[in-house]
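See below for target.txt, which holds compact mmCIF, N, CA and C atoms.
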# COMPACT_ATOMS: atom_id res chain seq x y z
N MET A 223 62.52 135.75 106.26
CA MET A 223 63.72 135.79 107.07
C MET A 223 63.87 137.21 107.62
N SER A 224 64.15 137.28 108.89
CA SER A 224 64.30 138.60 109.50
C SER A 224 65.66 139.21 109.14
N MET A 225 65.76 140.50 109.37
CA MET A 225 66.99 141.23 109.04
C MET A 225 68.18 140.70 109.84
N LYS A 226 67.96 140.34 111.11
CA LYS A 226 69.04 139.80 111.94
C LYS A 226 69.60 138.52 111.35
N LYS A 227 68.70 137.63 110.94
CA LYS A 227 69.13 136.35 110.39
C LYS A 227 69.85 136.54 109.06
N ALA A 228 69.40 137.48 108.26
CA ALA A 228 70.04 137.74 106.97
C ALA A 228 71.47 138.26 107.17
N VAL A 229 71.62 139.20 108.11
CA VAL A 229 72.95 139.75 108.40
C VAL A 229 73.86 138.67 108.98
N LEU A 230 73.33 137.86 109.87
CA LEU A 230 74.09 136.76 110.46
C LEU A 230 74.53 135.76 109.39
N ALA A 231 73.62 135.40 108.49
CA ALA A 231 73.95 134.47 107.41
C ALA A 231 75.01 135.05 106.48
N ALA A 232 74.90 136.32 106.16
CA ALA A 232 75.88 136.97 105.29
C ALA A 232 77.25 137.01 105.96
N GLY A 233 77.27 137.36 107.23
CA GLY A 233 78.54 137.40 107.97
C GLY A 233 79.18 136.04 108.07
N LEU A 234 78.37 135.03 108.32
CA LEU A 234 78.87 133.65 108.39
C LEU A 234 79.42 133.21 107.03
N GLY A 235 78.73 133.57 105.96
CA GLY A 235 79.19 133.23 104.61
C GLY A 235 80.52 133.88 104.29
N VAL A 236 80.69 135.14 104.67
CA VAL A 236 81.96 135.84 104.44
C VAL A 236 83.08 135.18 105.24
N ALA A 237 82.82 134.83 106.49
CA ALA A 237 83.84 134.20 107.34
C ALA A 237 84.26 132.84 106.77
N VAL A 238 83.31 132.03 106.36
CA VAL A 238 83.63 130.72 105.80
C VAL A 238 84.40 130.87 104.49
N GLY A 239 84.01 131.82 103.66
CA GLY A 239 84.72 132.07 102.41
C GLY A 239 86.16 132.50 102.66
N TYR A 240 86.37 133.37 103.63
CA TYR A 240 87.71 133.84 103.97
C TYR A 240 88.58 132.68 104.46
N LEU A 241 88.04 131.86 105.33
CA LEU A 241 88.81 130.72 105.85
C LEU A 241 89.12 129.71 104.74
N ALA A 242 88.18 129.48 103.85
CA ALA A 242 88.42 128.56 102.73
C ALA A 242 89.52 129.10 101.82
N LYS A 243 89.52 130.39 101.55
CA LYS A 243 90.56 130.98 100.70
C LYS A 243 91.93 130.86 101.37
N GLN A 244 92.00 131.07 102.67
CA GLN A 244 93.27 130.93 103.39
C GLN A 244 93.82 129.51 103.25
N GLN A 245 92.96 128.52 103.36
CA GLN A 245 93.39 127.13 103.25
C GLN A 245 93.88 126.83 101.83
N VAL A 246 93.17 127.29 100.82
CA VAL A 246 93.56 127.05 99.43
C VAL A 246 94.90 127.73 99.14
N ASP A 247 95.06 128.97 99.58
CA ASP A 247 96.31 129.70 99.35
C ASP A 247 97.49 129.01 100.01
N GLN A 248 97.26 128.42 101.16
CA GLN A 248 98.34 127.76 101.89
C GLN A 248 98.88 126.54 101.14
N PHE A 249 98.02 125.82 100.42
CA PHE A 249 98.44 124.59 99.76
C PHE A 249 98.61 124.75 98.25
N GLN A 250 98.39 125.93 97.73
CA GLN A 250 98.51 126.15 96.29
C GLN A 250 99.97 126.30 95.90
N LYS A 251 100.32 125.68 94.80
CA LYS A 251 101.67 125.79 94.29
C LYS A 251 101.85 127.12 93.58
N VAL A 252 103.08 127.50 93.37
CA VAL A 252 103.41 128.75 92.69
C VAL A 252 103.08 128.60 91.21
N THR A 253 102.41 129.59 90.64
CA THR A 253 102.10 129.56 89.21
C THR A 253 103.36 129.91 88.42
N PRO A 254 103.43 129.50 87.15
CA PRO A 254 104.60 129.85 86.34
C PRO A 254 104.80 131.36 86.23
N GLU A 255 103.71 132.11 86.13
CA GLU A 255 103.82 133.56 86.02
C GLU A 255 104.43 134.17 87.29
N LYS A 256 103.99 133.68 88.43
CA LYS A 256 104.53 134.19 89.70
C LYS A 256 105.99 133.77 89.87
N ALA A 257 106.31 132.55 89.44
CA ALA A 257 107.69 132.07 89.52
C ALA A 257 108.60 132.95 88.66
N LEU A 258 108.15 133.30 87.46
CA LEU A 258 108.95 134.16 86.58
C LEU A 258 109.12 135.54 87.20
N LYS A 259 108.07 136.07 87.76
CA LYS A 259 108.15 137.38 88.39
C LYS A 259 109.17 137.39 89.53
N GLN A 260 109.14 136.35 90.36
CA GLN A 260 110.08 136.27 91.48
C GLN A 260 111.52 136.11 90.98
N ALA A 261 111.71 135.30 89.94
CA ALA A 261 113.05 135.12 89.38
C ALA A 261 113.57 136.43 88.79
N LYS A 262 112.70 137.14 88.08
CA LYS A 262 113.11 138.42 87.49
C LYS A 262 113.50 139.41 88.58
N GLU A 263 112.77 139.44 89.67
CA GLU A 263 113.11 140.33 90.78
C GLU A 263 114.48 139.99 91.35
N THR A 264 114.79 138.69 91.41
CA THR A 264 116.10 138.26 91.90
C THR A 264 117.21 138.72 90.95
N PHE A 265 117.00 138.53 89.65
CA PHE A 265 118.00 138.93 88.67
C PHE A 265 118.15 140.45 88.58
N LYS A 266 117.08 141.19 88.79
CA LYS A 266 117.13 142.65 88.70
C LYS A 266 118.02 143.27 89.77
N LYS A 267 118.29 142.53 90.83
CA LYS A 267 119.18 143.04 91.88
C LYS A 267 120.59 143.25 91.35
N ARG A 268 120.94 142.53 90.27
CA ARG A 268 122.27 142.64 89.66
C ARG A 268 122.29 143.52 88.42
N GLY A 269 121.12 144.03 88.00
CA GLY A 269 121.07 144.90 86.84
C GLY A 269 119.80 144.68 86.04
N PRO A 270 119.58 145.53 85.02
CA PRO A 270 118.35 145.45 84.24
C PRO A 270 118.25 144.19 83.39
N ILE A 271 117.01 143.80 83.11
CA ILE A 271 116.71 142.62 82.29
C ILE A 271 116.05 143.11 81.01
N SER A 272 116.47 142.54 79.87
CA SER A 272 115.87 142.96 78.59
C SER A 272 114.87 141.94 78.05
N GLY A 273 114.83 140.73 78.59
CA GLY A 273 113.89 139.72 78.13
C GLY A 273 113.79 138.57 79.12
N SER A 274 112.69 137.81 79.03
CA SER A 274 112.53 136.67 79.94
C SER A 274 111.54 135.68 79.35
N TRP A 275 111.60 134.44 79.83
CA TRP A 275 110.68 133.38 79.40
C TRP A 275 110.62 132.32 80.49
N ILE A 276 109.56 131.49 80.43
CA ILE A 276 109.44 130.37 81.37
C ILE A 276 108.58 129.29 80.73
N TYR A 277 108.94 128.03 80.94
CA TYR A 277 108.11 126.90 80.51
C TYR A 277 106.98 126.74 81.51
N MET A 278 105.79 126.50 81.00
CA MET A 278 104.61 126.42 81.86
C MET A 278 104.49 125.07 82.57
N LYS A 279 105.19 124.05 82.07
CA LYS A 279 105.08 122.70 82.63
C LYS A 279 106.29 122.43 83.54
N PRO A 280 106.05 122.08 84.80
CA PRO A 280 107.17 121.79 85.69
C PRO A 280 107.91 120.52 85.27
N GLU A 281 109.17 120.46 85.64
CA GLU A 281 109.99 119.27 85.36
C GLU A 281 110.75 118.92 86.63
N GLU A 282 111.23 117.66 86.69
CA GLU A 282 112.01 117.22 87.84
C GLU A 282 113.46 117.65 87.66
N VAL A 283 114.01 118.23 88.72
CA VAL A 283 115.39 118.71 88.69
C VAL A 283 116.10 118.16 89.91
N GLU A 284 117.31 117.64 89.70
CA GLU A 284 118.12 117.16 90.82
C GLU A 284 119.22 118.17 91.09
N LYS A 285 119.32 118.59 92.33
CA LYS A 285 120.33 119.57 92.73
C LYS A 285 120.87 119.16 94.09
N ASN A 286 122.17 118.93 94.17
CA ASN A 286 122.83 118.55 95.42
C ASN A 286 122.20 117.32 96.07
N GLY A 287 121.83 116.35 95.25
CA GLY A 287 121.25 115.12 95.75
C GLY A 287 119.78 115.19 96.12
N LEU A 288 119.17 116.35 95.92
CA LEU A 288 117.75 116.52 96.21
C LEU A 288 116.98 116.66 94.91
N THR A 289 115.76 116.15 94.88
CA THR A 289 114.93 116.24 93.69
C THR A 289 113.83 117.27 93.92
N PHE A 290 113.67 118.18 92.97
CA PHE A 290 112.67 119.24 93.05
C PHE A 290 111.77 119.18 91.83
N ASN A 291 110.53 119.59 91.98
CA ASN A 291 109.68 119.93 90.85
C ASN A 291 109.91 121.40 90.61
N ALA A 292 110.29 121.76 89.38
CA ALA A 292 110.68 123.14 89.12
C ALA A 292 110.25 123.58 87.73
N TYR A 293 110.04 124.89 87.60
CA TYR A 293 109.84 125.50 86.30
C TYR A 293 111.21 125.91 85.76
N ARG A 294 111.40 125.75 84.44
CA ARG A 294 112.64 126.20 83.82
C ARG A 294 112.35 127.48 83.07
N GLY A 295 113.23 128.44 83.21
CA GLY A 295 113.04 129.71 82.55
C GLY A 295 114.37 130.35 82.23
N GLY A 296 114.31 131.56 81.73
CA GLY A 296 115.53 132.27 81.39
C GLY A 296 115.30 133.76 81.33
N VAL A 297 116.41 134.49 81.44
CA VAL A 297 116.39 135.94 81.31
C VAL A 297 117.57 136.36 80.43
N THR A 298 117.41 137.51 79.81
CA THR A 298 118.49 138.11 79.03
C THR A 298 118.85 139.43 79.68
N ARG A 299 120.15 139.63 79.87
CA ARG A 299 120.65 140.87 80.47
C ARG A 299 121.71 141.45 79.57
N ASN A 300 121.81 142.76 79.55
CA ASN A 300 122.85 143.44 78.80
C ASN A 300 123.98 143.77 79.77
N ILE A 301 125.12 143.09 79.57
CA ILE A 301 126.27 143.29 80.44
C ILE A 301 127.43 143.77 79.57
N ASP A 302 127.93 144.96 79.86
CA ASP A 302 129.04 145.56 79.11
C ASP A 302 128.76 145.59 77.61
N GLY A 303 127.54 145.94 77.24
CA GLY A 303 127.18 146.07 75.84
C GLY A 303 126.87 144.77 75.13
N GLU A 304 126.92 143.65 75.82
CA GLU A 304 126.63 142.34 75.22
C GLU A 304 125.42 141.72 75.92
N ASN A 305 124.56 141.08 75.11
CA ASN A 305 123.43 140.36 75.69
C ASN A 305 123.91 139.02 76.23
N LYS A 306 123.64 138.79 77.48
CA LYS A 306 123.99 137.53 78.15
C LYS A 306 122.70 136.84 78.56
N GLN A 307 122.64 135.54 78.29
CA GLN A 307 121.44 134.78 78.64
C GLN A 307 121.74 133.86 79.82
N PHE A 308 120.77 133.78 80.71
CA PHE A 308 120.86 132.93 81.89
C PHE A 308 119.63 132.04 81.94
N GLU A 309 119.84 130.77 82.25
CA GLU A 309 118.72 129.85 82.49
C GLU A 309 118.65 129.57 83.99
N PHE A 310 117.44 129.34 84.47
CA PHE A 310 117.26 129.10 85.90
C PHE A 310 116.15 128.09 86.11
N HIS A 311 116.11 127.55 87.32
CA HIS A 311 115.02 126.68 87.76
C HIS A 311 114.41 127.31 89.02
N VAL A 312 113.08 127.32 89.07
CA VAL A 312 112.35 127.88 90.22
C VAL A 312 111.50 126.76 90.83
N ASP A 313 111.64 126.57 92.13
CA ASP A 313 110.89 125.54 92.85
C ASP A 313 109.39 125.82 92.76
N VAL A 314 108.63 124.79 92.39
CA VAL A 314 107.18 124.91 92.24
C VAL A 314 106.50 125.17 93.58
N GLU A 315 107.04 124.61 94.65
CA GLU A 315 106.42 124.73 95.97
C GLU A 315 106.65 126.10 96.61
N THR A 316 107.87 126.63 96.51
CA THR A 316 108.23 127.84 97.25
C THR A 316 108.43 129.07 96.38
N GLY A 317 108.73 128.88 95.10
CA GLY A 317 109.03 130.01 94.23
C GLY A 317 110.48 130.46 94.30
N ALA A 318 111.30 129.73 95.03
CA ALA A 318 112.71 130.10 95.19
C ALA A 318 113.51 129.65 93.96
N VAL A 319 114.48 130.46 93.57
CA VAL A 319 115.38 130.10 92.48
C VAL A 319 116.32 129.01 93.01
N ILE A 320 116.31 127.84 92.35
CA ILE A 320 117.12 126.71 92.78
C ILE A 320 118.55 126.84 92.23
N ASP A 321 118.64 127.17 90.95
CA ASP A 321 119.95 127.35 90.33
C ASP A 321 119.83 128.28 89.12
N ALA A 322 120.95 128.80 88.72
CA ALA A 322 121.00 129.67 87.53
C ALA A 322 122.37 129.52 86.90
N ILE A 323 122.39 129.42 85.57
CA ILE A 323 123.65 129.32 84.84
C ILE A 323 123.61 130.25 83.63
N GLN A 324 124.77 130.78 83.28
CA GLN A 324 124.87 131.61 82.10
C GLN A 324 125.03 130.68 80.90
N THR A 325 124.18 130.85 79.87
CA THR A 325 124.21 129.96 78.71
C THR A 325 124.97 130.58 77.55
N THR A 326 124.99 131.89 77.41
CA THR A 326 125.79 132.54 76.37
C THR A 326 126.40 133.81 76.87
Structure rendered as structure tokens:
Amino acid sequence: MSMKKAVLAAGLGVAVGYLAKQQVDQFQKVTPEKALKQAKETFKKRGPISGSWIYMKPEEVEKNGLTFNAYRGGVTRNIDGENKQFEFHVDVETGAVIDAIQTT
């Protein structure tokens, strides 16, 4: 194989790989780790977080008459010297926080 053909084949391989990755990323759901990170960033806007958790298995959640596949998680925040816990649901498709409630 000549040098031209080798370079052309390598370039074509890189281009096809890049396009395939773009397609996979477009249709890939949000991972639980990424969902937790995004939720923590949302909660950090209101103050520091001292702990967090997330269930790895999505569950069906109904909110305002709509059904979502969502991860359930929680964060702990120290507010006025007391630890307050919040539970939330994060949409599997978009990573957006669907709802959050204070549990203690």
If you count all atoms listed in the file, the residue of A:Lys251, A:Met278, A:Ile301, A:Lys262 closest to A:Asp313 turns out to be A:Lys251
How would you write, as a PyMOL selection string, the set of residues in chain A that DSSP gives as strand (DSSP E)? chain A and resi 271-276+281-285+288-301+304-313+319-324
Once 5 Å is added on each side, what are the centre and the three edge lengths, in Å to one decimal, of the axis-aligned box enclosing the listed atoms of stretch 297-300 of chain A? Present them as JSON.
{"center_x": 120.2, "center_y": 139.1, "center_z": 80.1, "size_x": 17.6, "size_y": 19.3, "size_z": 12.6}
One decimal, in Å: what's the spacing between atom N of A:Gly273 and atom N of A:Thr298?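 These atoms are spaced 4.3 Å apart.
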Could you check how far atom CA of A:Lys306 sits from atom CA of A:Gly287, in Å to one decimal?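 Those two atoms sit 28.6 Å apart.
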